[in-house]
Amino acid sequence: MTRQTNTLILSVLAVPLVALLAGRWLVARQARRDVANLFLSANTGLVRNYDPAQLADLPAPVQRYFQHVLIPGQPYVRVARLRHDGQFKTDLKKDWIAIRGEEYFLAGTPGYLWIGTTSWFSACDQYVAGRGSLTARLLGVLPVVRGSGPSYDQGELLRWLAEAVWLPTSLLPGGQAIWSPIDNDSATLTLTDHDQTVSCLMTFNGQGEIVRYQAQRYSDETHIKTWTGQLSDYRQLHGMRVPTRAGAAWVIDGEEKPYARFTLRDIEYDQPYAY
């Protein structure tokens, strides 16, 4: 093999690597801008503190939940950011792939931004100012999925509601989230934002931890399916107990079809900037 041939082969092999690195740099740059814009809406008023007296009128399992995950005097969270590892399916019929993610939350009002990265593509889920969207890019550059509109508004608001377990103070009474009783092990959590109302059925274990959520969510622009998830391995972090493992699935013909399973790497509160 000649030197010229070797050089040509190396050049060809270098192209996708350069594209991948450039794409990840572009994704990171855009993420910093998007996170900064998201956190412009964060509450900057006086910090409230949790008082157990707030729980008096809540359903019994919800009272147990807050008593378990919060300590008296816990300051209300304003913003949060977390990182996770895990596995993901781009299609329910496909194999699992490794994924890493960053997620940024507004706590006082619904809002979030999630950036997931695999070996070859990046994805961004978000709910900002009442609007939801999903974008996926090959090598961080070439758009392969772009979704927005009413079905995404509903779906992304539901995602924020289900994941608010990482921001427990945002679910306390007096905010936008409303709890309704069902039985000793479950309650309905309802949220209205920008004239849109969504609800999740929350299931609690004996310790008071939320271990399962279920809702009717758009699976595409026209179809609504049962969407569910599991939450486990609660740990005390920064004064609050939050789950460190989470999974999500669609229910099809009565059978759960998982598509995401994440493990929390770290979480920080009131740090209003990107990693």
# chains A, B, ... in the order shown; residues from 1 in each chain; ligands from 1
$ residues_around --residues "region 104-120 of chain A" --least-positions-apart "5" --cutoff "7 Å" --atoms "only C-alpha atoms" --output "number ranges by chain"
A: 42-43, 77-82, 98-99, 125-129, 138-139, 160, 167, 170
$ write_last_selection --atoms "C-alpha atoms" --output "mmCIF file, in the first residue's frame"
data_model
loop_
_atom_site.group_PDB
_atom_site.id
_atom_site.type_symbol
_atom_site.label_atom_id
_atom_site.label_comp_id
_atom_site.auth_asym_id
_atom_site.auth_seq_id
_atom_site.Cartn_x
_atom_site.Cartn_y
_atom_site.Cartn_z
ATOM 1 C CA ALA A 42 -36.450 31.923 37.192
ATOM 2 C CA ASN A 43 -38.066 33.388 40.285
ATOM 3 C CA VAL A 77 -36.054 25.268 44.926
ATOM 4 C CA ARG A 78 -35.877 27.935 42.213
ATOM 5 C CA VAL A 79 -33.881 26.120 39.528
ATOM 6 C CA ALA A 80 -32.138 22.773 39.265
ATOM 7 C CA ARG A 81 -29.705 21.015 37.003
ATOM 8 C CA LEU A 82 -28.816 17.337 36.814
ATOM 9 C CA ALA A 98 -26.035 4.198 25.801
ATOM 10 C CA ILE A 99 -26.970 7.812 26.457
ATOM 11 C CA ASP A 125 -36.539 18.038 24.682
ATOM 12 C CA GLN A 126 -37.908 21.241 26.132
ATOM 13 C CA TYR A 127 -40.890 23.037 27.578
ATOM 14 C CA VAL A 128 -40.507 26.803 27.700
ATOM 15 C CA ALA A 129 -43.230 29.436 28.171
ATOM 16 C CA LEU A 138 -27.213 13.376 13.593
ATOM 17 C CA LEU A 139 -23.637 14.206 14.640
ATOM 18 C CA TRP A 160 -42.013 18.263 33.646
ATOM 19 C CA LEU A 167 -37.936 19.477 42.716
ATOM 20 C CA SER A 170 -42.578 22.686 43.432
#
$ residues_around --residues "Asn184 (chain A)" --least-positions-apart "3" --cutoff "12 Å" --atoms "only C-alpha atoms" --output "MDAnalysis selection string"
chainID A and resid 58:65 180:181 187:188 202:206 208
$ residues_around --residues "Thr90 (chain A)" --least-positions-apart "2" --cutoff "12 Å" --atoms "only C-alpha atoms" --output "list in words"
Gln87, Phe88, Leu92, Lys93, Lys94, Asp95, Trp96, Ile97, Ala98, Ile99, Gly116, Thr118, Phe121, Ser122, Ala123, Ala136, Val144, Val145, Pro258, Tyr259 and Ala260 of chain A
$ select_by_dssp --residues "region 96-246 of chain A" --states "helix (DSSP H, G or I)" --output "list in words"
Pro150, Ser151, Tyr152, Asp153, Gln154, Gly155, Glu156, Leu157, Leu158, Arg159, Trp160, Leu161, Ala162, Glu163, Ala164, Val165, Trp166, Pro168, Thr169, Ser170 and Leu171 of chain A
$ write_last_selection --atoms "N, CA and C atoms" --output "mmCIF file, in the first residue's frame"
data_model
loop_
_atom_site.group_PDB
_atom_site.id
_atom_site.type_symbol
_atom_site.label_atom_id
_atom_site.label_comp_id
_atom_site.auth_asym_id
_atom_site.auth_seq_id
_atom_site.Cartn_x
_atom_site.Cartn_y
_atom_site.Cartn_z
ATOM 1 N N PRO A 150 -49.277 21.502 19.430
ATOM 2 C CA PRO A 150 -50.088 21.181 20.611
ATOM 3 C C PRO A 150 -49.755 19.840 21.257
ATOM 4 N N SER A 151 -49.485 18.802 20.463
ATOM 5 C CA SER A 151 -49.191 17.499 21.056
ATOM 6 C C SER A 151 -47.886 17.535 21.839
ATOM 7 N N TYR A 152 -46.906 18.307 21.359
ATOM 8 C CA TYR A 152 -45.641 18.434 22.081
ATOM 9 C C TYR A 152 -45.803 19.330 23.308
ATOM 10 N N ASP A 153 -46.646 20.344 23.217
ATOM 11 C CA ASP A 153 -46.921 21.179 24.389
ATOM 12 C C ASP A 153 -47.449 20.310 25.526
ATOM 13 N N GLN A 154 -48.395 19.424 25.192
ATOM 14 C CA GLN A 154 -48.985 18.546 26.208
ATOM 15 C C GLN A 154 -47.969 17.547 26.740
ATOM 16 N N GLY A 155 -47.243 16.907 25.834
ATOM 17 C CA GLY A 155 -46.306 15.866 26.232
ATOM 18 C C GLY A 155 -45.159 16.384 27.075
ATOM 19 N N GLU A 156 -44.617 17.541 26.707
ATOM 20 C CA GLU A 156 -43.479 18.066 27.455
ATOM 21 C C GLU A 156 -43.911 18.640 28.805
ATOM 22 N N LEU A 157 -45.125 19.185 28.890
ATOM 23 C CA LEU A 157 -45.626 19.633 30.187
ATOM 24 C C LEU A 157 -45.814 18.435 31.115
ATOM 25 N N LEU A 158 -46.305 17.323 30.574
ATOM 26 C CA LEU A 158 -46.430 16.106 31.376
ATOM 27 C C LEU A 158 -45.069 15.618 31.849
ATOM 28 N N ARG A 159 -44.074 15.705 30.997
ATOM 29 C CA ARG A 159 -42.739 15.271 31.416
ATOM 30 C C ARG A 159 -42.246 16.108 32.587
ATOM 31 N N TRP A 160 -42.431 17.423 32.513
ATOM 32 C CA TRP A 160 -42.013 18.263 33.646
ATOM 33 C C TRP A 160 -42.737 17.840 34.918
ATOM 34 N N LEU A 161 -44.038 17.568 34.809
ATOM 35 C CA LEU A 161 -44.821 17.207 35.989
ATOM 36 C C LEU A 161 -44.325 15.896 36.591
ATOM 37 N N ALA A 162 -44.056 14.902 35.749
ATOM 38 C CA ALA A 162 -43.577 13.613 36.241
ATOM 39 C C ALA A 162 -42.189 13.735 36.866
ATOM 40 N N GLU A 163 -41.353 14.605 36.310
ATOM 41 C CA GLU A 163 -39.986 14.726 36.788
ATOM 42 C C GLU A 163 -39.824 15.765 37.895
ATOM 43 N N ALA A 164 -40.925 16.380 38.293
ATOM 44 C CA ALA A 164 -40.851 17.338 39.391
ATOM 45 C C ALA A 164 -40.526 16.667 40.718
ATOM 46 N N VAL A 165 -40.460 15.332 40.748
ATOM 47 C CA VAL A 165 -39.985 14.639 41.951
ATOM 48 C C VAL A 165 -38.552 15.051 42.285
ATOM 49 N N TRP A 166 -37.809 15.617 41.315
ATOM 50 C CA TRP A 166 -36.477 16.130 41.605
ATOM 51 C C TRP A 166 -36.530 17.553 42.147
ATOM 52 N N PRO A 168 -39.038 18.670 44.768
ATOM 53 C CA PRO A 168 -40.230 18.388 45.579
ATOM 54 C C PRO A 168 -40.982 19.615 46.057
ATOM 55 N N THR A 169 -40.267 20.715 46.309
ATOM 56 C CA THR A 169 -40.969 21.897 46.807
ATOM 57 C C THR A 169 -41.915 22.482 45.757
ATOM 58 N N SER A 170 -41.689 22.169 44.481
ATOM 59 C CA SER A 170 -42.578 22.686 43.432
ATOM 60 C C SER A 170 -43.931 21.987 43.450
ATOM 61 N N LEU A 171 -44.041 20.888 44.198
ATOM 62 C CA LEU A 171 -45.298 20.134 44.268
ATOM 63 C C LEU A 171 -46.067 20.413 45.550
#
$ residues_around --residues "Pro52 (chain A)" --least-positions-apart "5" --cutoff "10 Å" --atoms "only C-alpha atoms" --output "PyMOL selection string"
chain A and resi 63+66-67+70-73
$ closest_residue --among "A:Arg212, A:Ile178, A:Pro75, A:Arg33" --to "Asp270 (chain A)" --atoms "only C-alpha atoms"
A:Pro75
$ decode --residues "region 137-173 of chain A" --atoms "N, CA and C atoms" --output "PDB file, in the first residue's frame"
ATOM      1  N   ARG A 137     -30.550  15.546  16.233  1.00  0.00           N
ATOM      2  CA  ARG A 137     -29.595  15.855  15.164  1.00  0.00           C
ATOM      3  C   ARG A 137     -28.537  14.760  15.058  1.00  0.00           C
ATOM      4  N   LEU A 138     -28.291  14.317  13.871  1.00  0.00           N
ATOM      5  CA  LEU A 138     -27.213  13.376  13.593  1.00  0.00           C
ATOM      6  C   LEU A 138     -25.888  14.114  13.658  1.00  0.00           C
ATOM      7  N   LEU A 139     -24.943  13.580  14.440  1.00  0.00           N
ATOM      8  CA  LEU A 139     -23.637  14.206  14.640  1.00  0.00           C
ATOM      9  C   LEU A 139     -23.762  15.615  15.223  1.00  0.00           C
ATOM     10  N   GLY A 140     -24.931  15.911  15.817  1.00  0.00           N
ATOM     11  CA  GLY A 140     -25.141  17.220  16.403  1.00  0.00           C
ATOM     12  C   GLY A 140     -25.392  18.320  15.397  1.00  0.00           C
ATOM     13  N   VAL A 141     -25.446  17.973  14.089  1.00  0.00           N
ATOM     14  CA  VAL A 141     -25.562  18.990  13.042  1.00  0.00           C
ATOM     15  C   VAL A 141     -26.791  18.779  12.169  1.00  0.00           C
ATOM     16  N   LEU A 142     -26.964  17.580  11.629  1.00  0.00           N
ATOM     17  CA  LEU A 142     -28.016  17.312  10.654  1.00  0.00           C
ATOM     18  C   LEU A 142     -29.328  16.981  11.342  1.00  0.00           C
ATOM     19  N   PRO A 143     -30.376  17.828  11.206  1.00  0.00           N
ATOM     20  CA  PRO A 143     -31.657  17.539  11.859  1.00  0.00           C
ATOM     21  C   PRO A 143     -32.315  16.292  11.263  1.00  0.00           C
ATOM     22  N   VAL A 144     -32.706  15.359  12.131  1.00  0.00           N
ATOM     23  CA  VAL A 144     -33.420  14.171  11.683  1.00  0.00           C
ATOM     24  C   VAL A 144     -34.831  14.120  12.269  1.00  0.00           C
ATOM     25  N   VAL A 145     -35.065  14.856  13.357  1.00  0.00           N
ATOM     26  CA  VAL A 145     -36.400  14.960  13.951  1.00  0.00           C
ATOM     27  C   VAL A 145     -36.602  16.391  14.401  1.00  0.00           C
ATOM     28  N   ARG A 146     -37.759  16.952  14.039  1.00  0.00           N
ATOM     29  CA  ARG A 146     -38.149  18.261  14.542  1.00  0.00           C
ATOM     30  C   ARG A 146     -39.640  18.207  14.836  1.00  0.00           C
ATOM     31  N   GLY A 147     -40.000  18.375  16.086  1.00  0.00           N
ATOM     32  CA  GLY A 147     -41.404  18.306  16.445  1.00  0.00           C
ATOM     33  C   GLY A 147     -41.820  19.441  17.350  1.00  0.00           C
ATOM     34  N   SER A 148     -42.976  20.026  17.064  1.00  0.00           N
ATOM     35  CA  SER A 148     -43.545  21.073  17.906  1.00  0.00           C
ATOM     36  C   SER A 148     -45.035  21.140  17.628  1.00  0.00           C
ATOM     37  N   GLY A 149     -45.754  21.893  18.434  1.00  0.00           N
ATOM     38  CA  GLY A 149     -47.189  22.004  18.250  1.00  0.00           C
ATOM     39  C   GLY A 149     -47.937  21.522  19.476  1.00  0.00           C
ATOM     40  N   PRO A 150     -49.277  21.502  19.430  1.00  0.00           N
ATOM     41  CA  PRO A 150     -50.088  21.181  20.611  1.00  0.00           C
ATOM     42  C   PRO A 150     -49.755  19.840  21.257  1.00  0.00           C
ATOM     43  N   SER A 151     -49.485  18.802  20.463  1.00  0.00           N
ATOM     44  CA  SER A 151     -49.191  17.499  21.056  1.00  0.00           C
ATOM     45  C   SER A 151     -47.886  17.535  21.839  1.00  0.00           C
ATOM     46  N   TYR A 152     -46.906  18.307  21.359  1.00  0.00           N
ATOM     47  CA  TYR A 152     -45.641  18.434  22.081  1.00  0.00           C
ATOM     48  C   TYR A 152     -45.803  19.330  23.308  1.00  0.00           C
ATOM     49  N   ASP A 153     -46.646  20.344  23.217  1.00  0.00           N
ATOM     50  CA  ASP A 153     -46.921  21.179  24.389  1.00  0.00           C
ATOM     51  C   ASP A 153     -47.449  20.310  25.526  1.00  0.00           C
ATOM     52  N   GLN A 154     -48.395  19.424  25.192  1.00  0.00           N
ATOM     53  CA  GLN A 154     -48.985  18.546  26.208  1.00  0.00           C
ATOM     54  C   GLN A 154     -47.969  17.547  26.740  1.00  0.00           C
ATOM     55  N   GLY A 155     -47.243  16.907  25.834  1.00  0.00           N
ATOM     56  CA  GLY A 155     -46.306  15.866  26.232  1.00  0.00           C
ATOM     57  C   GLY A 155     -45.159  16.384  27.075  1.00  0.00           C
ATOM     58  N   GLU A 156     -44.617  17.541  26.707  1.00  0.00           N
ATOM     59  CA  GLU A 156     -43.479  18.066  27.455  1.00  0.00           C
ATOM     60  C   GLU A 156     -43.911  18.640  28.805  1.00  0.00           C
ATOM     61  N   LEU A 157     -45.125  19.185  28.890  1.00  0.00           N
ATOM     62  CA  LEU A 157     -45.626  19.633  30.187  1.00  0.00           C
ATOM     63  C   LEU A 157     -45.814  18.435  31.115  1.00  0.00           C
ATOM     64  N   LEU A 158     -46.305  17.323  30.574  1.00  0.00           N
ATOM     65  CA  LEU A 158     -46.430  16.106  31.376  1.00  0.00           C
ATOM     66  C   LEU A 158     -45.069  15.618  31.849  1.00  0.00           C
ATOM     67  N   ARG A 159     -44.074  15.705  30.997  1.00  0.00           N
ATOM     68  CA  ARG A 159     -42.739  15.271  31.416  1.00  0.00           C
ATOM     69  C   ARG A 159     -42.246  16.108  32.587  1.00  0.00           C
ATOM     70  N   TRP A 160     -42.431  17.423  32.513  1.00  0.00           N
ATOM     71  CA  TRP A 160     -42.013  18.263  33.646  1.00  0.00           C
ATOM     72  C   TRP A 160     -42.737  17.840  34.918  1.00  0.00           C
ATOM     73  N   LEU A 161     -44.038  17.568  34.809  1.00  0.00           N
ATOM     74  CA  LEU A 161     -44.821  17.207  35.989  1.00  0.00           C
ATOM     75  C   LEU A 161     -44.325  15.896  36.591  1.00  0.00           C
ATOM     76  N   ALA A 162     -44.056  14.902  35.749  1.00  0.00           N
ATOM     77  CA  ALA A 162     -43.577  13.613  36.241  1.00  0.00           C
ATOM     78  C   ALA A 162     -42.189  13.735  36.866  1.00  0.00           C
ATOM     79  N   GLU A 163     -41.353  14.605  36.310  1.00  0.00           N
ATOM     80  CA  GLU A 163     -39.986  14.726  36.788  1.00  0.00           C
ATOM     81  C   GLU A 163     -39.824  15.765  37.895  1.00  0.00           C
ATOM     82  N   ALA A 164     -40.925  16.380  38.293  1.00  0.00           N
ATOM     83  CA  ALA A 164     -40.851  17.338  39.391  1.00  0.00           C
ATOM     84  C   ALA A 164     -40.526  16.667  40.718  1.00  0.00           C
ATOM     85  N   VAL A 165     -40.460  15.332  40.748  1.00  0.00           N
ATOM     86  CA  VAL A 165     -39.985  14.639  41.951  1.00  0.00           C
ATOM     87  C   VAL A 165     -38.552  15.051  42.285  1.00  0.00           C
ATOM     88  N   TRP A 166     -37.809  15.617  41.315  1.00  0.00           N
ATOM     89  CA  TRP A 166     -36.477  16.130  41.605  1.00  0.00           C
ATOM     90  C   TRP A 166     -36.530  17.553  42.147  1.00  0.00           C
ATOM     91  N   LEU A 167     -37.726  18.121  42.195  1.00  0.00           N
ATOM     92  CA  LEU A 167     -37.936  19.477  42.716  1.00  0.00           C
ATOM     93  C   LEU A 167     -39.116  19.423  43.682  1.00  0.00           C
ATOM     94  N   PRO A 168     -39.038  18.670  44.768  1.00  0.00           N
ATOM     95  CA  PRO A 168     -40.230  18.388  45.579  1.00  0.00           C
ATOM     96  C   PRO A 168     -40.982  19.615  46.057  1.00  0.00           C
ATOM     97  N   THR A 169     -40.267  20.715  46.309  1.00  0.00           N
ATOM     98  CA  THR A 169     -40.969  21.897  46.807  1.00  0.00           C
ATOM     99  C   THR A 169     -41.915  22.482  45.757  1.00  0.00           C
ATOM    100  N   SER A 170     -41.689  22.169  44.481  1.00  0.00           N
ATOM    101  CA  SER A 170     -42.578  22.686  43.432  1.00  0.00           C
ATOM    102  C   SER A 170     -43.931  21.987  43.450  1.00  0.00           C
ATOM    103  N   LEU A 171     -44.041  20.888  44.198  1.00  0.00           N
ATOM    104  CA  LEU A 171     -45.298  20.134  44.268  1.00  0.00           C
ATOM    105  C   LEU A 171     -46.067  20.413  45.550  1.00  0.00           C
ATOM    106  N   LEU A 172     -45.555  21.314  46.378  1.00  0.00           N
ATOM    107  CA  LEU A 172     -46.254  21.664  47.618  1.00  0.00           C
ATOM    108  C   LEU A 172     -47.531  22.456  47.331  1.00  0.00           C
ATOM    109  N   PRO A 173     -48.509  22.406  48.246  1.00  0.00           N
ATOM    110  CA  PRO A 173     -49.734  23.193  48.040  1.00  0.00           C
ATOM    111  C   PRO A 173     -49.430  24.681  47.990  1.00  0.00           C
TER     112      PRO A 173
END
